[in-house]
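target_35.cif, holding mmCIF, C-alpha atoms:
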data_upload
loop_
_atom_site.label_atom_id
_atom_site.label_comp_id
_atom_site.auth_asym_id
_atom_site.auth_seq_id
_atom_site.Cartn_x
_atom_site.Cartn_y
_atom_site.Cartn_z
CA MET A 18 -32.21 15.43 -4.01
CA GLY A 19 -32.20 15.66 -7.77
CA TYR A 20 -28.66 15.70 -9.01
CA GLN A 21 -28.40 15.94 -12.78
CA LEU A 22 -25.46 14.01 -14.16
CA SER A 23 -23.73 15.82 -16.98
CA PHE A 24 -20.59 14.47 -18.54
CA THR A 25 -20.21 17.15 -21.25
CA GLN A 26 -17.61 19.15 -19.35
CA VAL A 27 -15.75 16.00 -18.40
CA TRP A 28 -15.42 14.82 -22.00
CA ARG A 29 -14.48 18.32 -23.16
CA ASN A 30 -11.48 18.29 -20.81
CA PHE A 31 -10.94 14.57 -20.99
CA TYR A 32 -7.44 14.96 -22.41
CA ARG A 33 -6.31 16.14 -18.95
CA MET A 34 -7.23 12.73 -17.57
CA SER A 35 -6.12 10.59 -20.51
CA ASP A 36 -2.73 12.37 -20.61
CA GLY A 37 -2.67 11.94 -16.85
CA LEU A 38 -3.29 8.21 -17.11
CA ILE A 39 -0.39 7.86 -19.53
CA LEU A 40 1.86 9.84 -17.20
CA SER A 41 0.74 7.66 -14.27
CA LEU A 42 1.71 4.54 -16.20
CA GLU A 43 5.04 6.08 -17.19
CA LEU A 44 5.80 7.07 -13.60
CA ALA A 45 5.03 3.55 -12.41
CA LEU A 46 7.11 2.00 -15.19
CA ILE A 47 10.18 4.18 -14.63
CA SER A 48 9.93 3.71 -10.87
CA ILE A 49 9.71 -0.05 -11.07
CA ALA A 50 12.68 -0.10 -13.47
CA ILE A 51 14.87 1.96 -11.14
CA GLY A 52 13.36 0.19 -8.13
CA THR A 53 14.31 -3.17 -9.64
CA LEU A 54 17.91 -2.01 -10.05
CA ILE A 55 18.01 -0.83 -6.43
CA GLY A 56 16.21 -3.89 -5.14
CA LEU A 57 18.28 -6.39 -7.07
CA THR A 58 21.61 -4.80 -6.14
CA LEU A 59 20.70 -4.60 -2.47
CA ALA A 60 19.25 -8.12 -2.43
CA VAL A 61 22.44 -9.60 -3.91
CA LEU A 62 24.48 -7.55 -1.43
CA HIS A 63 22.21 -8.69 1.39
CA VAL A 64 22.69 -12.39 0.73
CA SER A 65 26.43 -12.11 0.10
CA SER A 66 27.68 -9.55 2.64
CA GLY A 67 28.41 -9.34 6.31
CA ARG A 68 26.33 -8.07 9.16
CA VAL A 69 27.10 -4.34 8.79
CA VAL A 70 25.92 -4.12 5.18
CA ARG A 71 22.88 -6.23 6.02
CA THR A 72 21.92 -3.92 8.88
CA ILE A 73 22.21 -0.84 6.67
CA ILE A 74 20.05 -2.43 3.96
CA SER A 75 17.46 -3.53 6.52
CA ALA A 76 17.38 -0.02 7.98
CA TYR A 77 16.62 1.45 4.54
CA VAL A 78 13.93 -1.16 3.86
CA GLU A 79 12.24 -0.81 7.25
CA PHE A 80 12.36 2.99 7.19
CA ILE A 81 10.68 3.27 3.78
CA ARG A 82 8.13 0.57 4.49
CA ASN A 83 7.00 2.06 7.78
CA VAL A 84 6.61 5.72 6.77
CA PRO A 85 3.61 7.01 4.77
CA LEU A 86 4.40 7.56 1.09
CA LEU A 87 2.83 11.01 1.34
CA LEU A 88 5.43 12.03 3.92
CA LEU A 89 8.25 10.65 1.78
CA VAL A 90 6.95 12.63 -1.19
CA TYR A 91 6.92 15.84 0.87
CA LEU A 92 10.32 15.04 2.34
CA VAL A 93 11.99 14.59 -1.03
CA PHE A 94 10.19 17.48 -2.74
CA TYR A 95 10.09 20.16 -0.03
CA GLY A 96 12.68 18.95 2.48
CA LEU A 97 15.65 17.66 0.53
CA PRO A 98 16.37 20.80 -1.57
CA THR A 99 16.80 22.84 1.64
CA VAL A 100 19.64 20.60 2.81
CA VAL A 101 21.48 19.59 -0.33
CA ASN A 102 21.98 21.94 -3.20
CA ILE A 103 19.81 20.30 -5.84
CA ALA A 104 16.83 21.49 -7.79
CA TYR A 105 14.43 19.24 -9.62
CA SER A 106 10.94 19.36 -11.05
CA ALA A 107 8.01 17.87 -9.17
CA THR A 108 7.88 14.97 -11.61
CA ALA A 109 11.57 14.14 -11.21
CA SER A 110 11.24 14.41 -7.44
CA PHE A 111 8.30 12.02 -7.46
CA VAL A 112 10.17 9.52 -9.62
CA VAL A 113 13.04 9.61 -7.10
CA THR A 114 10.62 9.02 -4.22
CA LEU A 115 8.64 6.26 -5.89
CA SER A 116 11.83 4.51 -7.06
CA LEU A 117 13.26 4.50 -3.54
CA TYR A 118 9.88 3.29 -2.30
CA ALA A 119 9.69 0.53 -4.91
CA GLY A 120 13.31 -0.42 -4.20
CA ALA A 121 12.55 -1.01 -0.53
CA TYR A 122 9.66 -3.33 -1.32
CA LEU A 123 11.56 -5.14 -4.06
CA VAL A 124 14.62 -5.90 -1.90
CA GLU A 125 12.43 -8.23 0.14
CA VAL A 126 10.89 -9.74 -2.99
CA PHE A 127 14.25 -10.45 -4.61
CA ARG A 128 15.82 -11.63 -1.39
CA SER A 129 13.21 -14.32 -0.89
CA GLY A 130 13.45 -15.09 -4.62
CA LEU A 131 17.20 -15.63 -4.36
CA ASP A 132 16.66 -17.88 -1.36
CA ALA A 133 14.06 -19.88 -3.28
CA VAL A 134 16.50 -20.90 -6.02
CA PRO A 135 17.07 -24.62 -5.39
CA ARG A 136 20.41 -25.37 -3.76
CA GLY A 137 20.98 -28.22 -6.26
CA LEU A 138 21.04 -25.82 -9.22
CA LEU A 139 23.85 -23.81 -7.67
CA ASP A 140 25.77 -26.95 -6.77
CA ALA A 141 25.33 -28.19 -10.33
CA GLY A 142 26.73 -24.88 -11.59
CA LYS A 143 29.70 -25.29 -9.28
CA ALA A 144 30.24 -28.86 -10.47
CA MET A 145 30.27 -27.62 -14.06
CA GLY A 146 33.10 -25.29 -13.12
CA LEU A 147 31.21 -21.99 -13.35
CA THR A 148 32.81 -19.08 -11.50
CA PRO A 149 30.77 -17.44 -8.71
CA TRP A 150 29.84 -14.58 -11.08
CA GLN A 151 28.71 -16.97 -13.78
CA ARG A 152 26.68 -18.87 -11.22
CA LEU A 153 24.98 -15.64 -10.17
CA LEU A 154 24.33 -14.33 -13.68
CA CYS A 155 23.52 -17.55 -15.54
CA VAL A 156 21.89 -19.70 -12.85
CA ARG A 157 20.67 -17.76 -9.86
CA LEU A 158 19.27 -14.57 -11.40
CA PRO A 159 17.33 -16.16 -14.30
CA THR A 160 15.72 -18.70 -11.98
CA MET A 161 14.95 -15.99 -9.44
CA THR A 162 13.35 -13.78 -12.10
CA ARG A 163 10.83 -16.46 -12.95
CA ILE A 164 10.08 -17.15 -9.31
CA THR A 165 9.58 -13.48 -8.43
CA LEU A 166 7.48 -12.53 -11.47
CA PRO A 167 4.09 -12.69 -9.67
CA ALA A 168 5.37 -10.54 -6.79
CA LEU A 169 6.86 -8.09 -9.28
CA SER A 170 3.59 -7.65 -11.11
CA ASN A 171 1.73 -7.08 -7.84
CA THR A 172 4.28 -4.42 -6.94
CA PHE A 173 3.79 -2.77 -10.32
CA ILE A 174 0.02 -2.59 -9.88
CA SER A 175 0.32 -1.09 -6.42
CA LEU A 176 2.91 1.42 -7.67
CA PHE A 177 0.49 2.42 -10.43
CA LYS A 178 -2.13 3.17 -7.79
CA ASP A 179 0.42 4.99 -5.64
CA THR A 180 1.16 7.42 -8.47
CA SER A 181 -2.09 9.17 -7.48
CA ILE A 182 -0.17 10.65 -4.54
CA ALA A 183 1.94 12.64 -7.02
CA SER A 184 -1.08 14.92 -7.41
CA VAL A 185 -0.24 16.59 -4.05
CA ILE A 186 2.90 18.10 -5.57
CA ALA A 187 1.04 18.97 -8.80
CA VAL A 188 2.50 16.29 -11.04
CA PRO A 189 -0.09 16.24 -13.86
CA GLU A 190 -1.08 12.57 -13.55
CA LEU A 191 -4.59 11.12 -13.53
CA THR A 192 -5.74 12.26 -10.08
CA TRP A 193 -4.36 15.73 -10.70
CA GLY A 194 -6.13 15.83 -14.05
CA ALA A 195 -9.37 14.91 -12.26
CA GLN A 196 -8.84 17.72 -9.75
CA TRP A 197 -8.04 20.17 -12.55
CA ILE A 198 -11.38 19.47 -14.21
CA ASN A 199 -13.15 19.62 -10.82
CA ASN A 200 -11.75 23.01 -9.98
CA ARG A 201 -13.01 24.48 -13.24
CA THR A 202 -16.30 22.71 -13.85
CA PHE A 203 -17.44 21.41 -10.44
CA ARG A 204 -18.71 18.19 -12.07
CA ILE A 205 -17.22 16.33 -9.10
CA VAL A 206 -19.35 13.20 -9.15
CA GLU A 207 -18.86 12.66 -12.87
CA VAL A 208 -15.12 13.36 -12.77
CA TYR A 209 -14.46 10.91 -9.94
CA ALA A 210 -16.71 8.31 -11.56
CA VAL A 211 -14.67 8.55 -14.76
CA ALA A 212 -11.33 8.62 -12.90
CA THR A 213 -12.31 5.57 -10.85
CA VAL A 214 -13.30 3.62 -13.95
CA MET A 215 -10.02 4.61 -15.62
CA TYR A 216 -7.98 3.37 -12.66
CA LEU A 217 -9.99 0.15 -12.47
CA VAL A 218 -9.83 -0.64 -16.18
CA ALA A 219 -6.16 0.25 -16.53
CA GLY A 220 -5.28 -1.78 -13.44
CA TYR A 221 -7.32 -4.74 -14.64
CA VAL A 222 -5.82 -4.72 -18.14
CA ILE A 223 -2.29 -4.58 -16.72
CA LEU A 224 -3.15 -7.41 -14.34
CA LEU A 225 -4.46 -9.62 -17.15
CA GLY A 226 -1.37 -8.93 -19.27
CA LEU A 227 1.00 -9.68 -16.42
CA ARG A 228 -0.86 -12.87 -15.47
CA MET A 229 -0.42 -14.11 -19.05
CA LEU A 230 3.28 -13.32 -18.84
CA GLU A 231 3.49 -15.16 -15.52
CA ARG A 232 1.82 -18.25 -16.95
CA ARG A 233 4.29 -18.22 -19.84
CA PHE A 234 7.30 -18.15 -17.50
CA ARG A 235 5.96 -20.18 -14.61
CA VAL A 236 8.45 -22.41 -12.83
CA GLU A 237 7.33 -26.01 -12.49
CA ARG A 238 8.21 -27.06 -8.98
CA MET B 16 21.93 24.19 15.95
CA GLY B 17 20.28 26.03 18.83
CA GLN B 18 17.70 27.33 16.39
CA LEU B 19 17.03 23.83 15.23
CA ILE B 20 16.41 22.57 18.75
CA ASP B 21 14.14 25.55 19.39
CA ALA B 22 12.13 24.67 16.30
CA ILE B 23 11.75 21.07 17.44
CA VAL B 24 10.82 22.03 21.01
CA TYR B 25 8.27 24.45 19.57
CA ALA B 26 6.90 21.71 17.34
CA ILE B 27 6.48 18.95 19.94
CA PRO B 28 3.06 19.97 21.40
CA PHE B 29 1.56 20.43 17.92
CA LEU B 30 2.94 17.11 16.74
CA MET B 31 1.60 15.36 19.83
CA SER B 32 -1.95 16.61 19.29
CA GLY B 33 -1.62 15.68 15.62
CA LEU B 34 -0.40 12.25 16.64
CA GLY B 35 -3.49 11.91 18.83
CA MET B 36 -5.68 12.52 15.77
CA THR B 37 -3.67 10.04 13.68
CA LEU B 38 -4.08 7.38 16.35
CA LEU B 39 -7.79 8.16 16.77
CA VAL B 40 -8.45 7.88 13.03
CA SER B 41 -6.41 4.67 12.77
CA LEU B 42 -8.14 3.15 15.79
CA ILE B 43 -11.67 3.84 14.54
CA VAL B 44 -10.79 2.59 11.05
CA VAL B 45 -9.13 -0.57 12.36
CA ALA B 46 -12.00 -1.36 14.72
CA LEU B 47 -14.78 -0.77 12.18
CA SER B 48 -13.00 -2.61 9.38
CA LEU B 49 -12.27 -5.57 11.65
CA VAL B 50 -15.94 -6.11 12.48
CA ILE B 51 -17.31 -5.46 8.99
CA GLY B 52 -14.43 -7.21 7.23
CA VAL B 53 -14.66 -10.45 9.22
CA ALA B 54 -18.45 -10.56 8.74
CA LEU B 55 -18.15 -10.01 4.97
CA GLY B 56 -15.18 -12.38 4.78
CA VAL B 57 -17.31 -15.16 6.27
CA GLY B 58 -20.05 -14.16 3.82
CA LEU B 59 -17.54 -14.47 0.98
CA ILE B 60 -16.87 -18.10 1.86
CA TYR B 61 -20.14 -19.46 3.22
CA GLY B 62 -22.70 -17.02 1.78
CA PRO B 63 -25.10 -17.77 -1.09
CA LEU B 64 -23.67 -17.24 -4.57
CA PRO B 65 -25.14 -13.75 -5.30
CA LEU B 66 -23.79 -12.47 -1.97
CA ARG B 67 -20.37 -13.91 -2.75
CA TRP B 68 -20.36 -12.19 -6.14
CA LEU B 69 -21.39 -8.92 -4.57
CA ILE B 70 -18.66 -9.04 -1.92
CA ARG B 71 -16.03 -10.10 -4.47
CA LEU B 72 -17.04 -7.21 -6.78
CA LEU B 73 -16.95 -4.76 -3.88
CA THR B 74 -13.49 -5.80 -2.64
CA ASP B 75 -11.99 -5.95 -6.13
CA CYS B 76 -13.27 -2.48 -6.97
CA ILE B 77 -12.05 -0.95 -3.73
CA ARG B 78 -8.65 -2.61 -4.05
CA GLY B 79 -8.41 -1.45 -7.64
CA ILE B 80 -8.61 2.28 -6.98
CA PRO B 81 -6.02 4.38 -5.13
CA ILE B 82 -6.93 5.31 -1.53
CA LEU B 83 -6.36 8.95 -2.37
CA VAL B 84 -9.04 8.83 -5.10
CA LEU B 85 -11.35 6.97 -2.71
CA ILE B 86 -10.89 9.67 -0.07
CA PHE B 87 -11.50 12.52 -2.53
CA ALA B 88 -14.47 10.76 -4.11
CA VAL B 89 -16.12 10.27 -0.70
CA TYR B 90 -15.35 13.78 0.57
CA TYR B 91 -16.12 15.79 -2.57
CA GLY B 92 -18.39 13.39 -4.41
CA LEU B 93 -21.01 12.57 -1.76
CA PRO B 94 -22.27 16.08 -0.90
CA PRO B 95 -23.71 16.72 -4.41
CA LEU B 96 -25.56 13.41 -4.00
CA GLY B 97 -27.10 14.70 -0.78
CA LEU B 98 -24.84 13.12 1.83
CA ASN B 99 -22.87 15.73 3.76
CA LEU B 100 -20.04 14.31 5.80
CA SER B 101 -17.52 16.32 7.80
CA SER B 102 -13.94 15.91 6.63
CA PHE B 103 -13.23 13.69 9.64
CA TRP B 104 -16.06 11.24 8.93
CA ALA B 105 -15.46 11.30 5.18
CA ALA B 106 -11.86 10.29 5.87
CA ILE B 107 -13.01 7.56 8.27
CA LEU B 108 -15.54 6.23 5.75
CA ALA B 109 -13.03 6.11 2.88
CA LEU B 110 -10.24 4.54 4.93
CA THR B 111 -12.67 2.03 6.43
CA LEU B 112 -13.81 0.96 2.96
CA PHE B 113 -10.19 0.50 1.93
CA LYS B 114 -9.25 -1.38 5.09
CA THR B 115 -12.39 -3.53 5.06
CA ALA B 116 -11.45 -4.85 1.62
CA GLN B 117 -8.11 -5.93 3.11
CA VAL B 118 -9.66 -7.57 6.17
CA ILE B 119 -12.06 -9.51 3.93
CA GLU B 120 -9.04 -10.94 2.11
CA TYR B 121 -7.23 -11.82 5.36
CA THR B 122 -10.37 -13.51 6.66
CA ARG B 123 -10.91 -15.43 3.46
CA GLY B 124 -7.29 -16.56 3.45
CA ALA B 125 -7.33 -17.61 7.09
CA VAL B 126 -10.68 -19.42 7.06
CA SER B 127 -10.11 -21.23 3.77
CA SER B 128 -6.73 -22.47 5.06
CA ILE B 129 -8.56 -24.63 7.61
CA PRO B 130 -8.90 -28.17 6.24
CA ARG B 131 -12.38 -29.03 4.98
CA GLY B 132 -12.49 -32.05 7.28
CA GLN B 133 -12.76 -29.76 10.30
CA MET B 134 -16.05 -28.33 9.06
CA GLU B 135 -17.35 -31.79 8.18
CA ALA B 136 -16.36 -33.20 11.55
CA ALA B 137 -18.12 -30.31 13.30
CA LYS B 138 -21.24 -30.95 11.22
CA SER B 139 -21.21 -34.64 12.03
CA ILE B 140 -21.22 -34.02 15.77
CA GLY B 141 -24.31 -31.89 15.31
CA LEU B 142 -23.05 -28.31 15.75
CA ILE B 143 -25.11 -25.59 14.07
CA PHE B 144 -23.41 -23.10 11.72
CA THR B 145 -22.64 -20.40 14.29
CA GLN B 146 -21.31 -23.02 16.70
CA ARG B 147 -19.13 -24.52 13.98
CA LEU B 148 -17.61 -21.10 13.32
CA ARG B 149 -17.24 -20.19 16.95
CA TYR B 150 -15.84 -23.42 18.39
CA VAL B 151 -14.11 -25.04 15.42
CA ILE B 152 -13.17 -22.69 12.59
CA PHE B 153 -12.38 -19.35 14.26
CA PRO B 154 -10.10 -20.66 17.04
CA GLN B 155 -7.91 -22.24 14.35
CA ALA B 156 -8.23 -19.49 11.77
CA VAL B 157 -7.28 -16.72 14.21
CA ARG B 158 -3.65 -17.87 14.21
CA ARG B 159 -3.52 -17.49 10.46
CA PHE B 160 -5.40 -14.22 10.61
CA LEU B 161 -3.53 -12.30 13.29
CA PRO B 162 0.00 -11.89 11.82
CA PRO B 163 -1.04 -10.46 8.41
CA TRP B 164 -3.83 -8.43 9.98
CA LEU B 165 -1.49 -6.84 12.52
CA ASN B 166 0.96 -6.09 9.74
CA GLY B 167 -1.92 -4.56 7.77
CA VAL B 168 -2.73 -2.19 10.63
CA THR B 169 0.37 -0.25 9.52
CA ASP B 170 -1.48 0.40 6.25
CA ALA B 171 -4.24 2.10 8.23
CA VAL B 172 -1.72 4.25 10.10
CA LYS B 173 0.10 5.13 6.88
CA GLY B 174 -3.15 5.69 5.01
CA SER B 175 -4.36 8.02 7.75
CA ALA B 176 -1.67 10.50 6.64
CA LEU B 177 -3.86 11.15 3.60
CA VAL B 178 -6.61 12.66 5.76
CA SER B 179 -4.35 15.71 6.05
CA LEU B 180 -5.36 16.47 2.46
CA LEU B 181 -8.94 17.00 3.65
CA GLY B 182 -7.74 19.45 6.28
CA VAL B 183 -7.99 17.09 9.24
CA VAL B 184 -5.14 18.06 11.57
CA ASP B 185 -3.41 14.72 11.99
CA LEU B 186 0.32 14.21 12.47
CA MET B 187 1.05 14.90 8.79
CA GLN B 188 -0.97 18.11 8.76
CA ALA B 189 0.54 19.23 12.09
CA ILE B 190 4.00 18.80 10.60
CA ASN B 191 3.04 20.90 7.58
CA GLN B 192 1.53 23.59 9.80
CA VAL B 193 4.64 23.83 11.95
CA ILE B 194 6.82 24.00 8.84
CA GLY B 195 4.59 26.84 7.62
CA ARG B 196 5.61 28.78 10.73
CA THR B 197 9.23 27.77 11.31
CA TYR B 198 10.48 27.24 7.74
CA GLU B 199 12.45 24.20 8.87
CA PRO B 200 11.14 21.47 6.56
CA MET B 201 13.85 18.84 6.74
CA PRO B 202 14.20 18.32 10.53
CA LEU B 203 10.43 18.30 10.96
CA TYR B 204 9.77 15.83 8.15
CA ILE B 205 12.45 13.56 9.59
CA LEU B 206 11.00 13.91 13.08
CA GLY B 207 7.56 13.07 11.70
CA ALA B 208 8.94 10.13 9.75
CA LEU B 209 10.56 8.80 12.92
CA ILE B 210 7.25 9.02 14.81
CA TYR B 211 5.41 7.12 12.07
CA PHE B 212 8.30 4.67 11.94
CA ALA B 213 8.16 4.02 15.69
CA ILE B 214 4.46 3.19 15.55
CA ASN B 215 4.54 1.06 12.42
CA TYR B 216 7.79 -0.71 13.17
CA SER B 217 6.51 -1.90 16.53
CA LEU B 218 3.31 -3.15 14.86
CA SER B 219 5.15 -5.03 12.13
CA SER B 220 7.65 -6.44 14.64
CA MET B 221 4.78 -7.73 16.75
CA SER B 222 3.34 -9.29 13.62
CA LYS B 223 6.65 -11.07 12.97
CA VAL B 224 6.78 -12.37 16.54
CA LEU B 225 3.24 -13.74 16.21
CA GLU B 226 4.08 -15.31 12.87
CA ARG B 227 7.06 -17.13 14.41
CA ARG B 228 4.95 -18.12 17.39
CA TYR B 229 2.33 -19.70 15.11
CA ALA B 230 4.85 -21.17 12.64
CA TYR B 231 4.28 -24.65 14.05
CA ILE B 232 0.85 -24.97 12.41
CA LYS B 233 2.35 -25.01 8.93
CA GLU B 234 1.41 -28.31 7.37
#
Spit out the file's structure as structure tokens when you get a sec.
Amino acid sequence: MGYQLSFTQVWRNFYRMSDGLILSLELALISIAIGTLIGLTLAVLHVSSGRVVRTIISAYVEFIRNVPLLLLVYLVFYGLPTVVNIAYSATASFVVTLSLYAGAYLVEVFRSGLDAVPRGLLDAGKAMGLTPWQRLLCVRLPTMTRITLPALSNTFISLFKDTSIASVIAVPELTWGAQWINNRTFRIVEVYAVATVMYLVAGYVILLGLRMLERRFRVER
Amino acid sequence: MGQLIDAIVYAIPFLMSGLGMTLLVSLIVVALSLVIGVALGVGLIYGPLPLRWLIRLLTDCIRGIPILVLIFAVYYGLPPLGLNLSSFWAAILALTLFKTAQVIEYTRGAVSSIPRGQMEAAKSIGLIFTQRLRYVIFPQAVRRFLPPWLNGVTDAVKGSALVSLLGVVDLMQAINQVIGRTYEPMPLYILGALIYFAINYSLSSMSKVLERRYAYIKE
């Protein structure tokens, strides 16, 4: 079977994919930012509250973690507007979904991070006369941040890959850009080859950057 | 309310046949990836250097691209190259590639957690390589392997939802089809989510039980 590779059409429409890659990165970045807020709040609540709050948080975490992301995307985009009176664009809807998704994974990350802060540090804070809030903000959270950094960067990379699912609701990210070019030029092999390389290179560059950051802030234990 | 119940009762048979497809896809993927992944995982540790590089490159590439792109690339990208797969087998192939990369990592983690002395001791009593694996390494490694692997099976079940995008009528696609007829998106998505949840939650709970059961081998 002689298949002639021809990248001309792919390069001509390349902006669809490069713009898409940037949107993918933005989606992942916004989602991990909101997800961190959700995760951190719930993790602090989880370690400091009673059984009822803990059960509710666990229910949220387990629900999100055990349902396919695709279904969550559909649920938020097609399902939610029929029940509550809200209207949002596909992109906004995906950000909501991915943030909730990231939040559920990050609760666990932060919770184990908070537990990993050495008891002695907190006792030392108490001995210095810090209030519980000061102990949380000045001792526990900074230490936890450094401990959880590797897990956070792994979550970011996997969120970046998960943004490809946004293509099913026509958010113009990288995978959607690839499909756009496919539908018009039928250079399927070339388009997916280029898209794959873009995902790999972007993911690898992010990974290298984050690993450098991790080394800079590593906790000696 | 009555209308809602009617819609759900109407949906049940479709969802059940879709669920059958989801379970079938997951089962095939999990079985294939287990066999291939363990074999390649052993190759990654004990194989000659070029083989190790090859396996490392393969797993890193597969883990670096989104499953969705992998599925589309296999389904749409292979036919022009002369390999025609039905949507079902294209989905199986893509998901198996993805899952195999995971199993290789689990295997590598489990086997390399066994102290080196075990291998040396087995060598010194004269066991050949396959015997060393079978009687010494695997029986110990399996306790490290099972909990994360079982938890990873949920990834196969969740990933199988993506086959709906190739037109395979799995649970996800069945839900969408029923919604296309009843115009009741929210209850059906929630019902579907609960079905996925039931499957995956029991798998991850089992994984936690196993993990606790094997906690004693932590050194």
Practice task
Please write as number ranges by chain the full residue list that the PyMOL selection byres ((chain B) within 7 of (chain A)) yields on this file.
Solution key: B: 76, 79-81, 83-84, 88, 91-92, 95-97, 173-174, 176, 200-201, 204, 208, 211-212, 215-216
Can you list what the PyMOL selection byres ((chain B and resi 44-56) around 9) grabs from this structure, as a JSON list (two decimals) with C-alpha atoms, in the coordinates of the input?
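So the final result, stored in expr-v4.json, reads:
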[["chain", "number", "residue", "atom", "x", "y", "z"],
["B", 39, "LEU", "CA", -7.79, 8.16, 16.77],
["B", 40, "VAL", "CA", -8.45, 7.88, 13.03],
["B", 41, "SER", "CA", -6.41, 4.67, 12.77],
["B", 42, "LEU", "CA", -8.14, 3.15, 15.79],
["B", 43, "ILE", "CA", -11.67, 3.84, 14.54],
["B", 57, "VAL", "CA", -17.31, -15.16, 6.27],
["B", 58, "GLY", "CA", -20.05, -14.16, 3.82],
["B", 59, "LEU", "CA", -17.54, -14.47, 0.98],
["B", 60, "ILE", "CA", -16.87, -18.10, 1.86],
["B", 61, "TYR", "CA", -20.14, -19.46, 3.22],
["B", 62, "GLY", "CA", -22.70, -17.02, 1.78],
["B", 67, "ARG", "CA", -20.37, -13.91, -2.75],
["B", 70, "ILE", "CA", -18.66, -9.04, -1.92],
["B", 107, "ILE", "CA", -13.01, 7.56, 8.27],
["B", 108, "LEU", "CA", -15.54, 6.23, 5.75],
["B", 110, "LEU", "CA", -10.24, 4.54, 4.93],
["B", 111, "THR", "CA", -12.67, 2.03, 6.43],
["B", 112, "LEU", "CA", -13.81, 0.96, 2.96],
["B", 113, "PHE", "CA", -10.19, 0.50, 1.93],
["B", 114, "LYS", "CA", -9.25, -1.38, 5.09],
["B", 115, "THR", "CA", -12.39, -3.53, 5.06],
["B", 116, "ALA", "CA", -11.45, -4.85, 1.62],
["B", 117, "GLN", "CA", -8.11, -5.93, 3.11],
["B", 118, "VAL", "CA", -9.66, -7.57, 6.17],
["B", 119, "ILE", "CA", -12.06, -9.51, 3.93],
["B", 120, "GLU", "CA", -9.04, -10.94, 2.11],
["B", 121, "TYR", "CA", -7.23, -11.82, 5.36],
["B", 122, "THR", "CA", -10.37, -13.51, 6.66],
["B", 123, "ARG", "CA", -10.91, -15.43, 3.46],
["B", 126, "VAL", "CA", -10.68, -19.42, 7.06],
["B", 168, "VAL", "CA", -2.73, -2.19, 10.63],
["B", 171, "ALA", "CA", -4.24, 2.10, 8.23]]
Handout entry: Between atom CA of Thr165 of chain A and atom CA of Val126 of chain A - distance in Å to one decimal
Key = 6.7 Å
Exercise for the section: Can you work out which one of B:Ala26, B:Met221, B:Leu69, B:Leu19 has the shortest atom-to-atom distance to Gln192 of chain B, counting only C-alpha atoms? Expected result: B:Ala26
Practice task
Run the PyMOL selection byres ((chain B and resi 185) around 9) on the file and write out the hits as a ChimeraX atom specification.
Solution key: /B:30,32-38,40,175-176,178-179,182-184,186-190
Practice task
Name the residues within 9 Å of (9.1, 5.2, -2.1), counting all atoms listed in the file in the file's coordinates, and put them as number ranges by chain.
Solution key: A: 48, 52, 81-82, 85-86, 89-90, 111-122
From the coordinates supplied, segment 74-84 of chain A should be written with N, CA and C atoms, as a PDB file, in the first residue's frame.
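Generated output (result_6.pdb):
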ATOM      1  N   ILE A  74     -17.245  15.387  51.936  1.00  0.00           N
ATOM      2  CA  ILE A  74     -16.060  15.601  51.103  1.00  0.00           C
ATOM      3  C   ILE A  74     -15.648  14.292  50.427  1.00  0.00           C
ATOM      4  N   SER A  75     -15.658  13.194  51.205  1.00  0.00           N
ATOM      5  CA  SER A  75     -15.284  11.906  50.610  1.00  0.00           C
ATOM      6  C   SER A  75     -16.242  11.524  49.497  1.00  0.00           C
ATOM      7  N   ALA A  76     -17.533  11.807  49.684  1.00  0.00           N
ATOM      8  CA  ALA A  76     -18.518  11.464  48.655  1.00  0.00           C
ATOM      9  C   ALA A  76     -18.183  12.197  47.358  1.00  0.00           C
ATOM     10  N   TYR A  77     -17.891  13.488  47.464  1.00  0.00           N
ATOM     11  CA  TYR A  77     -17.516  14.281  46.280  1.00  0.00           C
ATOM     12  C   TYR A  77     -16.275  13.686  45.609  1.00  0.00           C
ATOM     13  N   VAL A  78     -15.251  13.411  46.419  1.00  0.00           N
ATOM     14  CA  VAL A  78     -14.003  12.889  45.866  1.00  0.00           C
ATOM     15  C   VAL A  78     -14.236  11.554  45.161  1.00  0.00           C
ATOM     16  N   GLU A  79     -14.924  10.639  45.858  1.00  0.00           N
ATOM     17  CA  GLU A  79     -15.114   9.300  45.292  1.00  0.00           C
ATOM     18  C   GLU A  79     -15.984   9.343  44.046  1.00  0.00           C
ATOM     19  N   PHE A  80     -17.012  10.203  44.061  1.00  0.00           N
ATOM     20  CA  PHE A  80     -17.890  10.287  42.896  1.00  0.00           C
ATOM     21  C   PHE A  80     -17.088  10.712  41.667  1.00  0.00           C
ATOM     22  N   ILE A  81     -16.355  11.820  41.795  1.00  0.00           N
ATOM     23  CA  ILE A  81     -15.616  12.343  40.642  1.00  0.00           C
ATOM     24  C   ILE A  81     -14.554  11.351  40.172  1.00  0.00           C
ATOM     25  N   ARG A  82     -13.880  10.719  41.115  1.00  0.00           N
ATOM     26  CA  ARG A  82     -12.774   9.839  40.744  1.00  0.00           C
ATOM     27  C   ARG A  82     -13.243   8.561  40.069  1.00  0.00           C
ATOM     28  N   ASN A  83     -14.483   8.168  40.304  1.00  0.00           N
ATOM     29  CA  ASN A  83     -14.936   6.879  39.798  1.00  0.00           C
ATOM     30  C   ASN A  83     -15.875   6.972  38.605  1.00  0.00           C
ATOM     31  N   VAL A  84     -16.044   8.190  38.063  1.00  0.00           N
ATOM     32  CA  VAL A  84     -16.908   8.368  36.900  1.00  0.00           C
ATOM     33  C   VAL A  84     -16.030   8.870  35.748  1.00  0.00           C
TER      34      VAL A  84
END
